[in-house]
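upload.pdb (PDB, C-alpha atoms and all ligand atoms)
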```
MODEL        1
ATOM      1  CA  MET P   1     -26.729 -72.777 -11.381
ATOM      2  CA  LYS P   2     -30.179 -72.312  -9.863
ATOM      3  CA  ILE P   3     -32.400 -75.288  -9.124
ATOM      4  CA  TYR P   4     -36.126 -75.189  -8.408
ATOM      5  CA  LEU P   5     -36.892 -77.392  -5.385
ATOM      6  CA  ASP P   6     -40.289 -77.513  -3.677
ATOM      7  CA  GLY P   7     -41.183 -73.887  -4.371
ATOM      8  CA  LYS P   8     -37.721 -72.408  -3.804
ATOM      9  CA  MET P   9     -35.032 -71.353  -6.252
ATOM     10  CA  LEU P  10     -31.775 -72.619  -4.735
ATOM     11  CA  GLU P  11     -28.108 -72.689  -5.643
ATOM     12  CA  LYS P  12     -27.040 -76.112  -6.932
ATOM     13  CA  GLU P  13     -25.006 -76.760  -3.753
ATOM     14  CA  ASP P  14     -28.077 -76.122  -1.593
ATOM     15  CA  ALA P  15     -30.573 -78.131  -3.667
ATOM     16  CA  LYS P  16     -30.613 -81.329  -1.617
ATOM     17  CA  ILE P  17     -33.202 -83.997  -0.956
ATOM     18  CA  SER P  18     -33.500 -86.542   1.839
ATOM     19  CA  VAL P  19     -31.800 -89.949   1.717
ATOM     20  CA  PHE P  20     -35.248 -91.202   2.788
ATOM     21  CA  ASP P  21     -36.824 -89.908  -0.426
ATOM     22  CA  HIS P  22     -38.555 -92.865  -2.060
ATOM     23  CA  GLY P  23     -37.481 -91.556  -5.465
ATOM     24  CA  LEU P  24     -33.988 -92.589  -4.414
ATOM     25  CA  LEU P  25     -34.819 -95.609  -2.233
ATOM     26  CA  TYR P  26     -37.254 -97.258  -4.685
ATOM     27  CA  GLY P  27     -37.238 -95.288  -7.911
ATOM     28  CA  ASP P  28     -40.718 -94.239  -6.825
ATOM     29  CA  GLY P  29     -41.310 -91.165  -8.935
ATOM     30  CA  VAL P  30     -41.748 -89.800 -12.433
ATOM     31  CA  PHE P  31     -39.870 -87.385 -14.656
ATOM     32  CA  GLU P  32     -39.703 -85.488 -17.926
ATOM     33  CA  GLY P  33     -36.833 -84.426 -20.171
ATOM     34  CA  ILE P  34     -37.773 -81.216 -21.987
ATOM     35  CA  ARG P  35     -35.892 -78.972 -24.452
ATOM     36  CA  ALA P  36     -35.824 -75.222 -24.920
ATOM     37  CA  TYR P  37     -34.854 -73.896 -28.330
ATOM     38  CA  ASN P  38     -34.207 -70.302 -29.298
ATOM     39  CA  GLY P  39     -36.044 -68.894 -26.253
ATOM     40  CA  ARG P  40     -39.018 -71.250 -26.465
ATOM     41  CA  VAL P  41     -39.923 -74.440 -24.617
ATOM     42  CA  PHE P  42     -40.856 -77.150 -27.085
ATOM     43  CA  ARG P  43     -44.189 -78.916 -26.453
ATOM     44  CA  LEU P  44     -44.298 -77.849 -22.789
ATOM     45  CA  ARG P  45     -48.002 -78.645 -22.420
ATOM     46  CA  GLU P  46     -47.491 -82.177 -23.774
ATOM     47  CA  HIS P  47     -44.646 -82.822 -21.316
ATOM     48  CA  ILE P  48     -46.734 -81.531 -18.397
ATOM     49  CA  ASP P  49     -49.699 -83.651 -19.487
ATOM     50  CA  ARG P  50     -47.428 -86.695 -19.699
ATOM     51  CA  ILE P  51     -45.905 -86.224 -16.240
ATOM     52  CA  TYR P  52     -49.418 -85.801 -14.842
ATOM     53  CA  ASN P  53     -50.476 -89.056 -16.508
ATOM     54  CA  SER P  54     -47.343 -90.847 -15.289
ATOM     55  CA  ALA P  55     -48.053 -89.594 -11.756
ATOM     56  CA  ARG P  56     -51.726 -90.561 -11.917
ATOM     57  CA  ALA P  57     -50.789 -94.068 -13.049
ATOM     58  CA  ILE P  58     -48.627 -94.559  -9.946
ATOM     59  CA  ASP P  59     -51.176 -92.832  -7.702
ATOM     60  CA  LEU P  60     -48.865 -89.927  -6.961
ATOM     61  CA  VAL P  61     -50.321 -86.479  -6.354
ATOM     62  CA  VAL P  62     -48.279 -83.817  -8.143
ATOM     63  CA  PRO P  63     -47.840 -80.971  -5.637
ATOM     64  CA  LEU P  64     -48.338 -78.242  -8.277
ATOM     65  CA  SER P  65     -51.115 -77.505 -10.747
ATOM     66  CA  LYS P  66     -50.325 -77.931 -14.436
ATOM     67  CA  LYS P  67     -50.289 -74.151 -14.813
ATOM     68  CA  ASP P  68     -47.880 -73.692 -11.894
ATOM     69  CA  ILE P  69     -45.527 -76.375 -13.215
ATOM     70  CA  GLY P  70     -45.378 -74.449 -16.487
ATOM     71  CA  ILE P  71     -44.560 -71.253 -14.582
ATOM     72  CA  ALA P  72     -41.903 -73.043 -12.491
ATOM     73  CA  VAL P  73     -40.241 -74.450 -15.637
ATOM     74  CA  LEU P  74     -40.083 -70.984 -17.238
ATOM     75  CA  ASP P  75     -38.878 -69.410 -13.953
ATOM     76  CA  THR P  76     -36.059 -71.953 -13.733
ATOM     77  CA  LEU P  77     -34.953 -71.214 -17.304
ATOM     78  CA  ARG P  78     -35.029 -67.478 -16.576
ATOM     79  CA  ALA P  79     -33.121 -67.893 -13.290
ATOM     80  CA  ASN P  80     -30.380 -69.579 -15.324
ATOM     81  CA  LYS P  81     -30.581 -67.098 -18.239
ATOM     82  CA  LEU P  82     -31.075 -69.933 -20.700
ATOM     83  CA  LYS P  83     -32.496 -69.634 -24.212
ATOM     84  CA  ASP P  84     -31.521 -73.125 -25.297
ATOM     85  CA  GLY P  85     -31.264 -75.939 -22.860
ATOM     86  CA  TYR P  86     -32.325 -79.164 -21.332
ATOM     87  CA  ILE P  87     -34.895 -79.262 -18.549
ATOM     88  CA  ARG P  88     -35.306 -82.150 -16.148
ATOM     89  CA  LEU P  89     -38.607 -82.084 -14.271
ATOM     90  CA  VAL P  90     -38.855 -84.659 -11.488
ATOM     91  CA  VAL P  91     -41.631 -85.539  -9.045
ATOM     92  CA  THR P  92     -40.805 -88.154  -6.417
ATOM     93  CA  ARG P  93     -42.945 -89.800  -3.751
ATOM     94  CA  GLY P  94     -41.045 -87.749  -1.177
ATOM     95  CA  ALA P  95     -39.368 -88.664   2.106
ATOM     96  CA  GLY P  96     -40.801 -91.643   3.973
ATOM     97  CA  ASP P  97     -39.442 -94.494   6.039
ATOM     98  CA  LEU P  98     -37.524 -97.604   4.970
ATOM     99  CA  GLY P  99     -40.646 -99.489   3.900
ATOM    100  CA  LEU P 100     -42.217 -99.491   0.432
ATOM    101  CA  ASP P 101     -45.511 -98.032   1.621
ATOM    102  CA  PRO P 102     -45.980 -94.732  -0.248
ATOM    103  CA  GLN P 103     -48.536 -93.612   2.339
ATOM    104  CA  LYS P 104     -45.632 -93.058   4.721
ATOM    105  CA  CYS P 105     -44.378 -90.309   2.430
ATOM    106  CA  GLU P 106     -46.145 -87.182   3.521
ATOM    107  CA  LYS P 107     -45.469 -84.961   0.585
ATOM    108  CA  ALA P 108     -44.144 -85.402  -2.940
ATOM    109  CA  THR P 109     -40.832 -83.751  -3.837
ATOM    110  CA  ILE P 110     -40.684 -81.676  -7.016
ATOM    111  CA  PHE P 111     -37.552 -80.281  -8.585
ATOM    112  CA  ILE P 112     -36.514 -78.756 -11.885
ATOM    113  CA  ILE P 113     -33.006 -78.609 -13.313
ATOM    114  CA  ALA P 114     -32.352 -76.412 -16.346
ATOM    115  CA  ASP P 115     -28.937 -76.846 -17.894
ATOM    116  CA  LYS P 116     -27.073 -76.279 -21.127
ATOM    117  CA  ILE P 117     -27.651 -79.146 -23.482
ATOM    118  CA  LYS P 118     -24.795 -81.429 -24.462
ATOM    119  CA  LEU P 119     -25.576 -81.987 -28.126
ATOM    120  CA  TYR P 120     -24.953 -85.289 -29.873
ATOM    121  CA  PRO P 121     -21.915 -85.238 -32.204
ATOM    122  CA  GLU P 122     -22.719 -83.742 -35.603
ATOM    123  CA  GLU P 123     -21.548 -86.905 -37.401
ATOM    124  CA  PHE P 124     -24.458 -88.817 -35.844
ATOM    125  CA  TYR P 125     -26.729 -86.743 -38.098
ATOM    126  CA  THR P 126     -24.552 -86.522 -41.193
ATOM    127  CA  ASN P 127     -23.271 -90.116 -41.246
ATOM    128  CA  GLY P 128     -25.984 -91.899 -39.263
ATOM    129  CA  LEU P 129     -25.749 -94.267 -36.313
ATOM    130  CA  SER P 130     -24.719 -97.851 -36.038
ATOM    131  CA  VAL P 131     -26.837 -99.662 -33.423
ATOM    132  CA  VAL P 132     -27.243-103.200 -32.120
ATOM    133  CA  THR P 133     -30.159-105.246 -30.832
ATOM    134  CA  THR P 134     -29.712-105.942 -27.132
ATOM    135  CA  SER P 135     -30.637-109.196 -25.414
ATOM    136  CA  VAL P 136     -32.232-107.127 -22.635
ATOM    137  CA  ARG P 137     -35.974-107.252 -23.254
ATOM    138  CA  ARG P 138     -38.058-104.104 -22.712
ATOM    139  CA  THR P 139     -40.266-104.270 -19.646
ATOM    140  CA  MET P 140     -43.703-105.461 -20.771
ATOM    141  CA  PRO P 141     -46.766-103.327 -20.059
ATOM    142  CA  ASP P 142     -48.149-106.146 -17.893
ATOM    143  CA  ALA P 143     -45.193-105.637 -15.536
ATOM    144  CA  LEU P 144     -44.808-101.844 -15.709
ATOM    145  CA  SER P 145     -46.302 -99.734 -18.453
ATOM    146  CA  PRO P 146     -43.601 -98.134 -20.598
ATOM    147  CA  CYS P 147     -46.007 -95.191 -20.935
ATOM    148  CA  ILE P 148     -45.075 -94.289 -17.358
ATOM    149  CA  LYS P 149     -41.893 -92.244 -17.517
ATOM    150  CA  SER P 150     -40.790 -93.443 -14.117
ATOM    151  CA  LEU P 151     -37.541 -93.154 -12.172
ATOM    152  CA  ASN P 152     -37.082 -96.898 -12.752
ATOM    153  CA  TYR P 153     -34.662 -96.845 -15.677
ATOM    154  CA  LEU P 154     -32.639 -99.959 -14.821
ATOM    155  CA  ASN P 155     -34.176-101.924 -17.688
ATOM    156  CA  ASN P 156     -32.992 -99.237 -20.110
ATOM    157  CA  ILE P 157     -29.629 -98.896 -18.370
ATOM    158  CA  MET P 158     -28.980-102.657 -18.688
ATOM    159  CA  ALA P 159     -29.618-102.243 -22.424
ATOM    160  CA  LYS P 160     -27.425 -99.124 -22.584
ATOM    161  CA  LEU P 161     -24.568-101.119 -21.012
ATOM    162  CA  ASP P 162     -24.963-103.640 -23.839
ATOM    163  CA  ALA P 163     -24.784-100.839 -26.427
ATOM    164  CA  ILE P 164     -21.669 -99.361 -24.825
ATOM    165  CA  ARG P 165     -20.010-102.781 -24.707
ATOM    166  CA  ALA P 166     -20.744-103.156 -28.421
ATOM    167  CA  GLY P 167     -19.212 -99.731 -29.067
ATOM    168  CA  VAL P 168     -22.419 -98.076 -30.306
ATOM    169  CA  PRO P 169     -24.497 -95.229 -28.862
ATOM    170  CA  GLU P 170     -27.913 -96.922 -28.789
ATOM    171  CA  ALA P 171     -29.483-100.381 -28.635
ATOM    172  CA  ILE P 172     -32.761-101.642 -30.037
ATOM    173  CA  MET P 173     -34.867-103.336 -27.359
ATOM    174  CA  LEU P 174     -37.360-106.081 -28.228
ATOM    175  CA  ASN P 175     -40.279-107.044 -26.040
ATOM    176  CA  SER P 176     -40.612-110.559 -24.641
ATOM    177  CA  ALA P 177     -42.493-111.667 -27.790
ATOM    178  CA  GLY P 178     -39.589-110.559 -29.987
ATOM    179  CA  TYR P 179     -41.213-107.460 -31.454
ATOM    180  CA  VAL P 180     -39.203-104.260 -31.699
ATOM    181  CA  ALA P 181     -40.199-101.928 -28.846
ATOM    182  CA  GLU P 182     -37.874 -98.913 -28.690
ATOM    183  CA  CYS P 183     -34.314 -97.938 -27.819
ATOM    184  CA  THR P 184     -32.929 -97.103 -24.371
ATOM    185  CA  GLY P 185     -33.909 -93.422 -24.558
ATOM    186  CA  ASP P 186     -35.419 -93.069 -28.019
ATOM    187  CA  ASN P 187     -38.343 -94.295 -30.086
ATOM    188  CA  ILE P 188     -37.687 -96.119 -33.354
ATOM    189  CA  PHE P 189     -39.158 -95.709 -36.836
ATOM    190  CA  ILE P 190     -38.642 -97.606 -40.085
ATOM    191  CA  LEU P 191     -39.664 -96.558 -43.573
ATOM    192  CA  LYS P 192     -40.710 -99.090 -46.198
ATOM    193  CA  GLU P 193     -42.090 -97.936 -49.539
ATOM    194  CA  ASN P 194     -43.559 -94.638 -48.333
ATOM    195  CA  THR P 195     -45.069 -96.106 -45.183
ATOM    196  CA  LEU P 196     -43.619 -95.131 -41.842
ATOM    197  CA  PHE P 197     -43.835 -97.753 -39.097
ATOM    198  CA  THR P 198     -43.352 -97.245 -35.378
ATOM    199  CA  PRO P 199     -44.266 -99.680 -32.588
ATOM    200  CA  PRO P 200     -47.491 -98.921 -30.703
ATOM    201  CA  SER P 201     -47.060 -98.206 -26.994
ATOM    202  CA  TRP P 202     -48.609-101.555 -25.983
ATOM    203  CA  VAL P 203     -45.628-103.360 -27.526
ATOM    204  CA  GLY P 204     -43.472-101.649 -24.894
ATOM    205  CA  ALA P 205     -42.695 -98.109 -26.036
ATOM    206  CA  LEU P 206     -42.943 -94.720 -24.400
ATOM    207  CA  GLU P 207     -45.311 -92.416 -26.266
ATOM    208  CA  GLY P 208     -42.520 -90.006 -27.076
ATOM    209  CA  ILE P 209     -43.250 -86.321 -27.580
ATOM    210  CA  THR P 210     -40.710 -86.241 -30.421
ATOM    211  CA  ARG P 211     -42.328 -89.374 -31.867
ATOM    212  CA  GLY P 212     -45.675 -87.542 -31.857
ATOM    213  CA  ALA P 213     -44.225 -84.438 -33.525
ATOM    214  CA  VAL P 214     -42.491 -86.530 -36.198
ATOM    215  CA  MET P 215     -45.704 -88.442 -36.946
ATOM    216  CA  GLU P 216     -47.513 -85.098 -37.409
ATOM    217  CA  ILE P 217     -44.843 -83.825 -39.802
ATOM    218  CA  ALA P 218     -44.771 -87.106 -41.721
ATOM    219  CA  ARG P 219     -48.547 -87.114 -42.097
ATOM    220  CA  ASN P 220     -49.200 -83.426 -42.787
ATOM    221  CA  LYS P 221     -46.079 -82.231 -44.603
ATOM    222  CA  LEU P 222     -44.581 -85.333 -46.176
ATOM    223  CA  LYS P 223     -47.939 -87.010 -46.881
ATOM    224  CA  LEU P 224     -46.613 -90.373 -45.756
ATOM    225  CA  ALA P 225     -48.797 -93.234 -44.567
ATOM    226  CA  ILE P 226     -48.124 -93.975 -40.895
ATOM    227  CA  LYS P 227     -48.690 -97.285 -39.195
ATOM    228  CA  GLU P 228     -48.351 -97.828 -35.464
ATOM    229  CA  ASP P 229     -47.830-101.535 -35.839
ATOM    230  CA  VAL P 230     -45.669-104.373 -34.598
ATOM    231  CA  PHE P 231     -42.542-105.336 -36.526
ATOM    232  CA  THR P 232     -39.483-107.506 -36.004
ATOM    233  CA  GLN P 233     -35.729-107.304 -36.538
ATOM    234  CA  TYR P 234     -36.289-108.684 -40.054
ATOM    235  CA  HIS P 235     -38.332-105.594 -40.936
ATOM    236  CA  VAL P 236     -35.606-103.323 -39.570
ATOM    237  CA  TYR P 237     -32.860-105.127 -41.543
ATOM    238  CA  THR P 238     -34.897-104.858 -44.769
ATOM    239  CA  ALA P 239     -36.208-101.304 -44.240
ATOM    240  CA  ASP P 240     -35.478 -98.554 -46.757
ATOM    241  CA  GLU P 241     -34.705 -96.170 -43.903
ATOM    242  CA  CYS P 242     -34.516 -96.237 -40.119
ATOM    243  CA  PHE P 243     -34.271 -93.429 -37.565
ATOM    244  CA  LEU P 244     -34.665 -92.760 -33.852
ATOM    245  CA  THR P 245     -36.512 -89.927 -32.118
ATOM    246  CA  GLY P 246     -36.172 -88.424 -28.658
ATOM    247  CA  THR P 247     -35.913 -85.135 -26.827
ATOM    248  CA  ALA P 248     -32.132 -85.398 -26.557
ATOM    249  CA  ALA P 249     -31.467 -87.041 -29.932
ATOM    250  CA  GLU P 250     -34.209 -85.214 -31.908
ATOM    251  CA  VAL P 251     -34.336 -87.192 -35.189
ATOM    252  CA  VAL P 252     -31.222 -89.271 -35.817
ATOM    253  CA  PRO P 253     -30.640 -91.559 -38.820
ATOM    254  CA  VAL P 254     -29.664 -95.216 -38.315
ATOM    255  CA  VAL P 255     -27.523 -96.713 -41.098
ATOM    256  CA  LYS P 256     -26.368 -99.988 -39.586
ATOM    257  CA  VAL P 257     -28.159-102.490 -37.339
ATOM    258  CA  ASP P 258     -26.415-105.617 -36.001
ATOM    259  CA  GLY P 259     -23.792-105.235 -38.734
ATOM    260  CA  ARG P 260     -26.383-105.049 -41.554
ATOM    261  CA  ILE P 261     -26.400-101.960 -43.761
ATOM    262  CA  ILE P 262     -29.806-100.250 -43.814
ATOM    263  CA  GLY P 263     -30.922 -98.944 -47.222
ATOM    264  CA  ASP P 264     -27.834 -97.742 -49.099
ATOM    265  CA  GLY P 265     -25.883 -97.131 -45.884
ATOM    266  CA  ASN P 266     -26.482 -93.376 -45.858
ATOM    267  CA  PRO P 267     -29.085 -91.355 -43.935
ATOM    268  CA  GLY P 268     -32.316 -91.738 -45.923
ATOM    269  CA  LYS P 269     -33.909 -88.981 -48.011
ATOM    270  CA  THR P 270     -37.112 -89.029 -45.948
ATOM    271  CA  THR P 271     -35.156 -89.064 -42.687
ATOM    272  CA  LEU P 272     -33.197 -85.993 -43.805
ATOM    273  CA  ARG P 273     -36.419 -84.162 -44.668
ATOM    274  CA  LEU P 274     -37.880 -85.054 -41.279
ATOM    275  CA  ILE P 275     -34.743 -83.759 -39.559
ATOM    276  CA  LYS P 276     -35.082 -80.454 -41.440
ATOM    277  CA  GLU P 277     -38.797 -80.077 -40.753
ATOM    278  CA  PHE P 278     -38.357 -81.016 -37.091
ATOM    279  CA  LYS P 279     -35.640 -78.346 -36.738
ATOM    280  CA  GLU P 280     -38.029 -75.771 -38.194
ATOM    281  CA  LEU P 281     -40.763 -76.821 -35.784
ATOM    282  CA  THR P 282     -38.473 -76.518 -32.753
ATOM    283  CA  ARG P 283     -37.193 -73.124 -33.932
ATOM    284  CA  LEU P 284     -40.597 -71.603 -34.581
ATOM    285  CA  THR P 285     -42.988 -73.134 -32.050
ATOM    286  CA  GLY P 286     -43.058 -73.476 -28.280
ATOM    287  CA  VAL P 287     -43.828 -71.449 -25.182
ATOM    288  CA  PRO P 288     -41.790 -68.202 -25.076
ATOM    289  CA  ILE P 289     -39.519 -67.901 -22.013
ATOM    290  CA  TYR P 290     -38.830 -64.175 -22.019
ATOM    291  CA  GLU P 291     -41.867 -62.479 -23.598
ATOM    292  CA  LYS P 292     -45.512 -62.514 -22.818
TER     293      LYS P 292
HETATM  294  N1  LIG P 301     -38.269 -93.961 -24.968
HETATM  295  C1  LIG P 301     -37.688 -93.842 -23.761
HETATM  296  C2  LIG P 301     -37.502 -95.049 -22.928
HETATM  297  C3  LIG P 301     -37.273 -92.577 -23.313
HETATM  298  O1  LIG P 301     -36.705 -92.441 -22.117
HETATM  299  C4  LIG P 301     -38.057 -91.624 -25.404
HETATM  300  C5  LIG P 301     -38.462 -92.899 -25.768
HETATM  301  C6  LIG P 301     -38.338 -90.472 -26.309
HETATM  302  O2  LIG P 301     -39.378 -89.661 -25.779
HETATM  303  P1  LIG P 301     -39.452 -88.085 -26.000
HETATM  304  O3  LIG P 301     -40.677 -87.670 -25.330
HETATM  305  O4  LIG P 301     -38.224 -87.491 -25.380
HETATM  306  O5  LIG P 301     -39.482 -87.868 -27.470
HETATM  307  C7  LIG P 301     -37.469 -91.453 -24.142
HETATM  308  C8  LIG P 301     -37.051 -90.099 -23.669
HETATM  309  C9  LIG P 301     -31.213 -88.564 -22.411
HETATM  310  C10 LIG P 301     -32.670 -88.295 -22.563
HETATM  311  O6  LIG P 301     -30.543 -87.758 -21.746
HETATM  312  C11 LIG P 301     -33.538 -89.331 -22.846
HETATM  313  C12 LIG P 301     -34.908 -89.071 -23.000
HETATM  314  C13 LIG P 301     -35.373 -87.802 -22.886
HETATM  315  C14 LIG P 301     -34.498 -86.775 -22.606
HETATM  316  C15 LIG P 301     -33.124 -87.013 -22.443
HETATM  317  O7  LIG P 301     -30.724 -89.557 -22.941
HETATM  318  N2  LIG P 301     -35.696 -90.134 -23.266
ENDMDL
END
```
What is this structure when it is put down as structure tokens?
Ligand code: PXG
Amino acid sequence: MKIYLDGKMLEKEDAKISVFDHGLLYGDGVFEGIRAYNGRVFRLREHIDRIYNSARAIDLVVPLSKKDIGIAVLDTLRANKLKDGYIRLVVTRGAGDLGLDPQKCEKATIFIIADKIKLYPEEFYTNGLSVVTTSVRRTMPDALSPCIKSLNYLNNIMAKLDAIRAGVPEAIMLNSAGYVAECTGDNIFILKENTLFTPPSWVGALEGITRGAVMEIARNKLKLAIKEDVFTQYHVYTADECFLTGTAAEVVPVVKVDGRIIGDGNPGKTTLRLIKEFKELTRLTGVPIYEK
């Protein structure tokens, strides 16, 4: 496996970063999870824009231009002969000393891993997920904006541990006011009488790329009303349909929340249409890896 690290394409065994890297010492850095489908990178520009915004928010200078990041992502996929895969793009503060001060880090570290994707089990999509609400509250934007896709994932990992302990793959996270924010690595949607609801980012949600694509499909193809609005567990329990979105999960139906059956207990009709349309979008659009 070839890894892109600071301008070089290295074998996995040789792709090493310093133990003084502040990405490791403090979680001081930002990242993206990107998918390639059928020889195309899905929404590459959006992912690059988002990592640039994440970096700007933490006052981190990305050591490559947006154009060169795009080239490096495609180069890494080509070096690994991948047509379908998962890409992890990471920019850290770089190596410094043992203090927090980012100014001591001379140069940001940038690396790109492109690997085969481990798909979620097919039954997640055909039968739907059972999820729980975790007691771990999502970090509020007044502490650390959830719009920053930072290397600080401990809040989400604490929630993931809760999900695992409950024997389910995902957990719904509320914010400190009790409004539904998102899941540990996915955004959440509910459908009620032809209106699709998803929490706005200020509640404590990442502005997911998949979330954005699904809202476009829902608006333009399914002609649904969309509301980025706050809602509570009550609204999830009484929804007609519920689903999660994310780069890894794509669109995945939720059929049970905290032991309550959602809708009729099967993946919803609208959810299934969104899954189909999203698949089409990922198959047909994106930046080609192997042709000009
Ligand atoms: N919320 C959080 C906290 C995330 O980390 C999403 C929402 C969905 O955003 P996108 O842009 O992916 O639609 C994420 C993204 C994994 C994995 O391996 C998780 C994400 C992305 C890629 C892989 O679980 N989370």
Please identify all polymer residues lying at most 9 Å from the point (-38.8, -75.1, -7.9) (file coordinates), using only C-alpha atoms, and present the result as an MDAnalysis selection string. chainID P and resid 3:10 69 72:73 75:76 110:113
Neighbours of ligand LIG 301 (chain P) at 7 Å or closer, counting only C-alpha atoms and all ligand atoms: which residues, as a VMD selection string? chain P and resid 32 to 34 149 156 182 to 187 205 to 211 245 to 248
Excluding stretch 131-148 of chain P and any residue of its chain fewer than 2 positions from it, enumerate the residues within 7 Å of it, using only C-alpha atoms, and give them as JSON, numbers by chain. {"P": [54, 129, 150, 155, 158, 159, 162, 163, 168, 169, 170, 171, 172, 173, 174, 175, 176, 181, 201, 202, 204, 205, 206, 207, 256, 257, 258]}
Using all atoms listed in the file, which residues sit within 9 Å of P:Ala36 once same-chain residues fewer than 2 positions away are excluded, as a list in words? Ile34, Asn38, Gly39, Arg40, Val41, Phe42, Leu77, Leu82, Lys83, Asp84, Gly85, Tyr86, Ile87, Thr282, Gly286, Val287 and Ile289 of chain P
Please, what is the axis-aligned box for every listed atom of stretch 214-231 of chain P with 4 Å on each side, as centre and edge lengths in Å to one decimal, as lines of an AutoDock Vina configuration file?
```
center_x = -45.8
center_y = -93.8
center_z = -40.7
size_x = 14.7
size_y = 31.1
size_z = 20.3
```
Give me the residues near P:Asn152 as a list of chain:residue names, where near means some atom within 10 Å (using all atoms listed in the file) and where sequence neighbours in that chain fewer than 5 positions away do not count. P:Gly23, P:Leu24, P:Tyr26, P:Gly27, P:Asp28, P:Gly29, P:Val30, P:Leu144, P:Ile157
Limited to C-alpha atoms, could you put the picked residues into a file as an mmCIF file, keeping the file's coordinate frame?
```cif
data_model
loop_
_atom_site.group_PDB
_atom_site.id
_atom_site.type_symbol
_atom_site.label_atom_id
_atom_site.label_comp_id
_atom_site.auth_asym_id
_atom_site.auth_seq_id
_atom_site.Cartn_x
_atom_site.Cartn_y
_atom_site.Cartn_z
ATOM 1 C CA GLY P 23 -37.481 -91.556 -5.465
ATOM 2 C CA LEU P 24 -33.988 -92.589 -4.414
ATOM 3 C CA TYR P 26 -37.254 -97.258 -4.685
ATOM 4 C CA GLY P 27 -37.238 -95.288 -7.911
ATOM 5 C CA ASP P 28 -40.718 -94.239 -6.825
ATOM 6 C CA GLY P 29 -41.310 -91.165 -8.935
ATOM 7 C CA VAL P 30 -41.748 -89.800 -12.433
ATOM 8 C CA LEU P 144 -44.808 -101.844 -15.709
ATOM 9 C CA ILE P 157 -29.629 -98.896 -18.370
#
```
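Counting all atoms listed in the file, P:Asn80 has the following residues at most 9 Å away, ignoring those fewer than 6 positions along the same chain: P:Met1, P:Lys2, P:Ile3, P:Ala114, P:Asp115.
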Restricting the calculation to all atoms listed in the file: of P:His22, P:Lys81, P:Arg45, P:Arg56, which residue gets closest to P:Gly96? P:His22
Just so the selection is clear, what residues does the PyMOL selection byres (((chain P and resi 196) around 10) and not hetatm) cover here, as a PDB file with C-alpha atoms, in the coordinates of the input?
```pdb
ATOM      1  CA  PHE P 189     -39.158 -95.709 -36.836  1.00  0.00           C
ATOM      2  CA  ILE P 190     -38.642 -97.606 -40.085  1.00  0.00           C
ATOM      3  CA  LEU P 191     -39.664 -96.558 -43.573  1.00  0.00           C
ATOM      4  CA  LYS P 192     -40.710 -99.090 -46.198  1.00  0.00           C
ATOM      5  CA  GLU P 193     -42.090 -97.936 -49.539  1.00  0.00           C
ATOM      6  CA  ASN P 194     -43.559 -94.638 -48.333  1.00  0.00           C
ATOM      7  CA  THR P 195     -45.069 -96.106 -45.183  1.00  0.00           C
ATOM      8  CA  PHE P 197     -43.835 -97.753 -39.097  1.00  0.00           C
ATOM      9  CA  THR P 198     -43.352 -97.245 -35.378  1.00  0.00           C
ATOM     10  CA  MET P 215     -45.704 -88.442 -36.946  1.00  0.00           C
ATOM     11  CA  ALA P 218     -44.771 -87.106 -41.721  1.00  0.00           C
ATOM     12  CA  ARG P 219     -48.547 -87.114 -42.097  1.00  0.00           C
ATOM     13  CA  LEU P 224     -46.613 -90.373 -45.756  1.00  0.00           C
ATOM     14  CA  ALA P 225     -48.797 -93.234 -44.567  1.00  0.00           C
ATOM     15  CA  ILE P 226     -48.124 -93.975 -40.895  1.00  0.00           C
ATOM     16  CA  LYS P 227     -48.690 -97.285 -39.195  1.00  0.00           C
ATOM     17  CA  GLU P 228     -48.351 -97.828 -35.464  1.00  0.00           C
ATOM     18  CA  ASP P 229     -47.830-101.535 -35.839  1.00  0.00           C
ATOM     19  CA  ALA P 239     -36.208-101.304 -44.240  1.00  0.00           C
ATOM     20  CA  GLU P 241     -34.705 -96.170 -43.903  1.00  0.00           C
ATOM     21  CA  CYS P 242     -34.516 -96.237 -40.119  1.00  0.00           C
ATOM     22  CA  THR P 270     -37.112 -89.029 -45.948  1.00  0.00           C
TER      23      THR P 270
END
```
